[in-house]
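File shown: protein-v6.cif (mmCIF, C-alpha atoms).
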data_upload
loop_
_atom_site.label_atom_id
_atom_site.label_comp_id
_atom_site.auth_asym_id
_atom_site.auth_seq_id
_atom_site.Cartn_x
_atom_site.Cartn_y
_atom_site.Cartn_z
CA MET V 1 118.20 -9.56 -10.34
CA CYS V 2 119.81 -7.29 -7.78
CA TYR V 3 122.33 -10.01 -6.95
CA LEU V 4 123.35 -10.42 -10.58
CA SER V 5 123.63 -6.67 -11.04
CA ASN V 6 125.88 -6.32 -8.00
CA PHE V 7 128.03 -9.20 -9.19
CA SER V 8 128.54 -7.69 -12.62
CA ALA V 9 129.56 -4.41 -11.02
CA LEU V 10 132.37 -6.20 -9.20
CA THR V 11 133.92 -7.61 -12.39
CA LEU V 12 136.19 -6.05 -14.98
CA ARG V 13 136.54 -6.47 -18.71
CA CYS V 14 140.19 -7.21 -19.47
CA ASN V 15 142.32 -7.97 -22.50
CA GLY V 16 143.11 -11.66 -22.69
CA CYS V 17 146.13 -13.47 -24.12
CA PRO V 18 146.68 -16.42 -21.76
CA VAL V 19 149.54 -18.19 -23.57
CA LEU V 20 153.08 -16.83 -23.53
CA SER V 21 154.07 -16.03 -27.09
CA GLY V 22 155.61 -13.34 -29.22
CA THR V 23 152.24 -12.40 -30.67
CA CYS V 24 148.77 -13.32 -29.56
CA PRO V 25 145.34 -12.39 -30.94
CA GLN V 26 143.71 -10.56 -28.07
CA SER V 27 140.27 -11.39 -26.75
CA LEU V 28 138.08 -9.98 -24.02
CA ILE V 29 137.83 -11.79 -20.69
CA THR V 30 135.99 -11.09 -17.45
CA CYS V 31 138.04 -10.83 -14.25
CA PRO V 32 136.86 -10.56 -10.64
CA SER V 33 138.97 -7.60 -9.53
CA ARG V 34 142.11 -6.84 -11.55
CA CYS V 35 143.52 -7.04 -15.07
CA GLY V 36 147.11 -8.17 -15.48
CA SER V 37 150.00 -8.29 -17.91
CA LYS V 38 153.18 -10.32 -17.32
CA THR V 39 156.42 -10.48 -19.31
CA THR V 40 159.02 -13.24 -18.98
CA THR V 41 162.50 -12.58 -20.36
CA VAL V 42 165.39 -15.04 -20.75
CA TYR V 43 169.03 -13.94 -21.00
CA ALA V 44 172.24 -15.83 -21.79
CA TYR V 45 175.59 -14.28 -20.87
CA GLY V 46 173.88 -10.89 -20.55
CA ARG V 47 172.25 -11.07 -24.00
CA LYS V 48 168.47 -11.25 -24.33
CA LEU V 49 167.35 -14.51 -25.93
CA SER V 50 163.59 -14.30 -25.71
CA ASN V 51 160.79 -12.09 -24.48
CA SER V 52 157.20 -13.31 -24.03
CA SER V 53 154.11 -11.63 -22.63
CA MET V 54 150.69 -12.74 -21.47
CA LYS V 55 147.50 -10.88 -20.51
CA ILE V 56 145.12 -12.45 -18.03
CA CYS V 57 143.30 -11.64 -14.81
CA GLY V 58 145.49 -10.05 -12.16
CA ASP V 59 145.67 -13.05 -9.83
CA SER V 60 148.36 -13.31 -7.14
CA TYR V 61 150.69 -15.35 -9.34
CA VAL V 62 150.44 -12.76 -12.12
CA CYS V 63 151.12 -9.58 -10.13
CA VAL V 64 154.74 -10.41 -9.24
CA ASN V 65 158.27 -9.35 -10.13
CA GLY V 66 161.43 -11.35 -9.68
CA SER V 67 164.47 -13.01 -11.21
CA MET V 68 166.57 -16.17 -11.12
CA ASN V 69 170.22 -15.90 -12.14
CA SER V 70 172.85 -18.61 -12.61
CA GLY V 71 175.46 -16.19 -13.92
CA GLN V 72 175.34 -17.72 -17.39
CA SER V 73 171.56 -17.65 -17.77
CA LYS V 74 168.89 -15.49 -16.20
CA VAL V 75 165.08 -15.46 -16.15
CA THR V 76 163.15 -12.35 -15.12
CA ILE V 77 159.45 -11.67 -14.59
CA SER V 78 157.84 -8.25 -14.73
CA SER V 79 154.14 -7.56 -14.26
CA GLN V 80 151.62 -4.75 -14.26
CA CYS V 81 148.18 -5.09 -12.66
CA CYS V 82 145.36 -2.55 -12.66
CA ASN V 83 141.69 -2.25 -11.69
CA ALA V 84 139.92 -0.55 -14.59
CA ASP V 85 138.20 -1.96 -17.65
CA LEU V 86 140.67 -2.91 -20.42
CA CYS V 87 143.54 -1.29 -18.52
CA ASN V 88 145.99 -4.08 -19.48
CA SER V 89 146.23 -3.14 -23.15
CA GLN V 90 150.03 -2.75 -22.98
CA ASN V 91 152.55 -5.50 -22.32
CA ALA V 92 154.48 -5.22 -19.07
CA PRO V 93 158.01 -3.95 -19.79
CA ASP V 94 161.07 -6.08 -19.12
CA LEU V 95 162.23 -6.06 -15.53
CA PRO V 96 164.85 -3.28 -15.44
CA GLN V 97 168.43 -3.92 -14.38
CA GLN V 98 168.51 -4.18 -10.59
CA SER V 99 171.28 -2.90 -8.34
CA LEU V 100 173.46 -5.28 -6.36
CA ASN V 101 172.02 -6.12 -2.93
CA GLY V 102 175.23 -7.23 -1.17
CA LYS V 103 174.37 -10.94 -1.19
CA THR V 104 176.61 -13.50 -2.91
CA CYS V 105 175.94 -17.08 -3.99
CA PHE V 106 177.99 -19.78 -5.66
CA SER V 107 177.51 -20.26 -9.39
CA CYS V 108 178.79 -22.86 -11.85
CA ASN V 109 180.96 -22.65 -14.94
CA GLY V 110 180.90 -26.02 -16.62
CA MET V 111 181.91 -28.65 -14.06
CA TYR V 112 183.22 -26.09 -11.58
CA CYS V 113 180.84 -24.49 -9.06
CA SER V 114 183.20 -22.38 -6.98
CA ASN V 115 182.52 -19.04 -8.68
CA SER V 116 180.81 -16.36 -6.59
CA LEU V 117 177.89 -14.44 -8.08
CA ALA V 118 176.71 -11.03 -6.87
CA CYS V 119 172.93 -11.05 -6.41
CA GLU V 120 170.67 -8.27 -7.62
CA GLY V 121 167.43 -6.66 -6.48
CA ASP V 122 165.29 -9.03 -4.41
CA GLU V 123 167.41 -12.12 -5.14
CA THR V 124 167.71 -12.98 -1.44
CA GLN V 125 167.99 -16.74 -1.92
CA CYS V 126 170.85 -18.94 -3.11
CA PHE V 127 169.86 -22.02 -5.10
CA ILE V 128 171.39 -25.27 -6.27
CA THR V 129 169.86 -27.72 -8.70
CA THR V 130 170.68 -30.66 -10.95
CA VAL V 131 169.24 -30.54 -14.45
CA ASP V 132 168.72 -33.75 -16.43
CA ILE V 133 169.32 -32.85 -20.06
CA GLY V 134 169.29 -35.80 -22.42
CA GLY V 135 170.50 -38.15 -19.69
CA LYS V 136 173.30 -35.81 -18.62
CA ASN V 137 173.21 -34.27 -15.15
CA VAL V 138 174.20 -30.60 -15.13
CA THR V 139 174.56 -28.68 -11.85
CA MET V 140 173.35 -25.11 -11.61
CA LYS V 141 173.80 -22.63 -8.78
CA GLY V 142 173.03 -18.96 -8.39
CA CYS V 143 170.76 -16.26 -6.99
CA SER V 144 166.96 -16.25 -6.90
CA SER V 145 164.07 -14.14 -5.72
CA LYS V 146 162.18 -15.75 -2.85
CA LEU V 147 159.18 -15.70 -5.14
CA PHE V 148 160.41 -18.88 -6.83
CA CYS V 149 160.99 -20.77 -3.59
CA GLY V 150 157.53 -22.33 -3.52
CA LEU V 151 155.63 -25.18 -5.08
CA ASN V 152 154.06 -22.93 -7.72
CA ALA V 153 157.26 -21.76 -9.42
CA THR V 154 156.12 -22.91 -12.87
CA GLN V 155 152.91 -20.97 -12.38
CA TYR V 156 154.88 -17.83 -11.55
CA LEU V 157 157.25 -18.29 -14.47
CA GLY V 158 154.46 -19.02 -16.90
CA LEU V 159 156.71 -21.21 -19.01
CA PRO V 160 155.27 -24.21 -20.86
CA LEU V 161 156.01 -27.72 -19.72
CA PRO V 162 158.84 -29.40 -21.68
CA GLY V 163 157.89 -31.70 -24.51
CA PRO V 164 158.87 -35.37 -24.78
CA GLY V 165 162.60 -35.93 -25.02
CA PHE V 166 163.61 -32.66 -23.40
CA GLY V 167 163.86 -33.88 -19.79
CA PHE V 168 164.18 -30.47 -18.16
CA GLY V 169 162.69 -31.45 -14.81
CA VAL V 170 164.59 -29.24 -12.38
CA TYR V 171 164.58 -29.87 -8.65
CA VAL V 172 165.75 -26.66 -7.01
CA LYS V 173 166.94 -26.18 -3.44
CA CYS V 174 166.92 -22.71 -1.84
CA CYS V 175 168.72 -21.31 1.19
CA GLU V 176 169.46 -17.97 2.83
CA GLY V 177 172.84 -16.59 3.76
CA ASN V 178 175.89 -15.69 1.68
CA LEU V 179 177.38 -18.61 -0.27
CA CYS V 180 175.01 -21.01 1.49
CA ASN V 181 174.51 -23.10 -1.68
CA ALA V 182 177.87 -24.84 -1.50
CA ALA V 183 176.50 -28.20 -0.32
CA GLN V 184 174.38 -30.67 -2.30
CA SER V 185 172.32 -31.61 0.77
CA LEU V 186 170.08 -28.58 1.04
CA ARG V 187 166.40 -29.17 1.69
CA VAL V 188 164.25 -29.21 -1.45
CA TYR V 189 161.95 -26.20 -1.42
CA PHE V 190 160.37 -26.26 -4.85
CA VAL V 191 160.09 -27.97 -8.20
CA MET V 192 160.56 -25.91 -11.31
CA LEU V 193 160.35 -26.72 -15.01
CA VAL V 194 162.37 -24.30 -17.10
CA PRO V 195 163.17 -25.64 -20.58
CA LEU V 196 165.00 -22.49 -21.63
CA LEU V 197 167.62 -22.92 -18.94
CA SER V 198 169.15 -25.62 -21.15
CA ILE V 199 171.25 -22.80 -22.62
CA ILE V 200 173.81 -23.36 -19.87
CA VAL V 201 175.22 -26.43 -21.65
CA PHE V 202 175.71 -24.76 -25.04
#
Is it possible to give me this structure as structure tokens?
Amino acid sequence: MCYLSNFSALTLRCNGCPVLSGTCPQSLITCPSRCGSKTTTVYAYGRKLSNSSMKICGDSYVCVNGSMNSGQSKVTISSQCCNADLCNSQNAPDLPQQSLNGKTCFSCNGMYCSNSLACEGDETQCFITTVDIGGKNVTMKGCSSKLFCGLNATQYLGLPLPGPGFGFGVYVKCCEGNLCNAAQSLRVYFVMLVPLLSIIVF
């Protein structure tokens, strides 16, 4: 009995809404140490396209902030984690506009990938990727937070897997150094599935 009592004292009651959506009926969940709220926002040409939030336990992949920017499209993640019962009642706000960090990466405009893009905040990585959209290969380049340069990028982003016929499997290659994403032969660092990035071909 003492063991069970001690265990319950180490857990928190948190608001739960595990699926990214505009609205979600909240439920109560039990978490081992922290409650969390994460918001994912997608932009196209500087205009917000979508904003989705989730509320779950404050695991390591939830309590993160970062962005990935191709110049034409951008995905940001903002999170808030806390260690009190039901402390995640509010959605995490959008990641605020970050200041330029002095790093530059190549970005693409249609078939041309010689544009330079000024990176923001903790976007310390340059990336290059080829997106298969309906049988058409589209190259993307830009700036990314190091957060996404791992095998769990989809977990960090919290985006759903693409449905049949979408084909948005994106193999992304990261590198450090200004304009280091010029070549196609960079080492693959992570796999990322981002259906909403299809906006670059519209």
Two-atom distance - CA of Ile77 (chain V), CA of Asn51 (chain V) (Å)
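According to the coordinates, CA of Ile77 (chain V) and CA of Asn51 (chain V) are separated by 10.0 Å.
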Give me, as a list in words, all polymer residues having an atom no more than 9 Å from Thr104 (chain V), counting only C-alpha atoms and skipping those fewer than 5 positions away in the same chain.
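Answer for this query is Ser116, Leu117, Ala118, Cys119, Cys126, Gly142, Cys143, Gly177, Asn178, Leu179 and Cys180 of chain V.
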Using only C-alpha atoms, which residue out of V:Ser33, V:Thr139, V:Thr124, V:Asn83 lies closest to Lys103 (chain V)?
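Smallest separation from Lys103 (chain V) among the options: V:Thr124.
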Name the residues captured by the PyMOL selection byres ((chain V and resi 45) around 10) when it is applied to the shown file; answer as a PyMOL selection string.
chain V and resi 43-44+46-49+70-74+199-200
Atom pair CA of Ser99 (chain V) / CA of Gly121 (chain V): separation (Å)
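These atoms are spaced 5.7 Å apart.
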With distances taken over all atoms listed in the file, which of V:Glu120, V:Ser37, V:Lys173, V:Gly110 is nearest to Asn137 (chain V)?
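Checking each candidate against Asn137 (chain V), we get V:Gly110 as the closest.
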With all atoms listed in the file as the basis for distance, which of V:Gln125, V:Ser79, V:Gln90, V:Asn15 is at the shortest distance from Cys35 (chain V)?
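When distances to Cys35 (chain V) are compared using all atoms listed in the file, the smallest one comes from V:Asn15.
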Atom-to-atom span, CA of Cys31 (chain V) and CA of Gln80 (chain V), Å:
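Calculated distance between CA of Cys31 (chain V) and CA of Gln80 (chain V) is 14.9 Å.
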Which one is closest to Cys63 (chain V): V:Ile29, V:Cys81, V:Ala182, V:Cys113? Count all atoms listed in the file.
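Ranked by minimum distance to Cys63 (chain V), first place goes to V:Cys81.
Taking only C-alpha atoms into account, Phe127 (chain V) lies nearest to V:Glu176 out of the set V:Asp85, V:Asp59, V:Glu176, V:Asp94.
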Among listed residues V:Met68, V:Ala92, V:Ala84, V:Cys108, nearest Cys149 (chain V) (using only C-alpha atoms):
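The answer is V:Met68, which sits nearest to Cys149 (chain V).
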Evaluate the PyMOL selection byres ((chain V and resi 39) around 10) and report residues as a PyMOL selection string
chain V and resi 20-21+37-38+40-41+51-55+62+65+76-80+91-95+157-158
As AutoDock Vina command-line options, what would the box around region 88-97 of chain V look like: edges along x, y and z, 8 Å added on every side, centre and edge lengths in Å to one decimal?
--center_x 157.2 --center_y -4.4 --center_z -18.8 --size_x 38.4 --size_y 19.3 --size_z 24.8
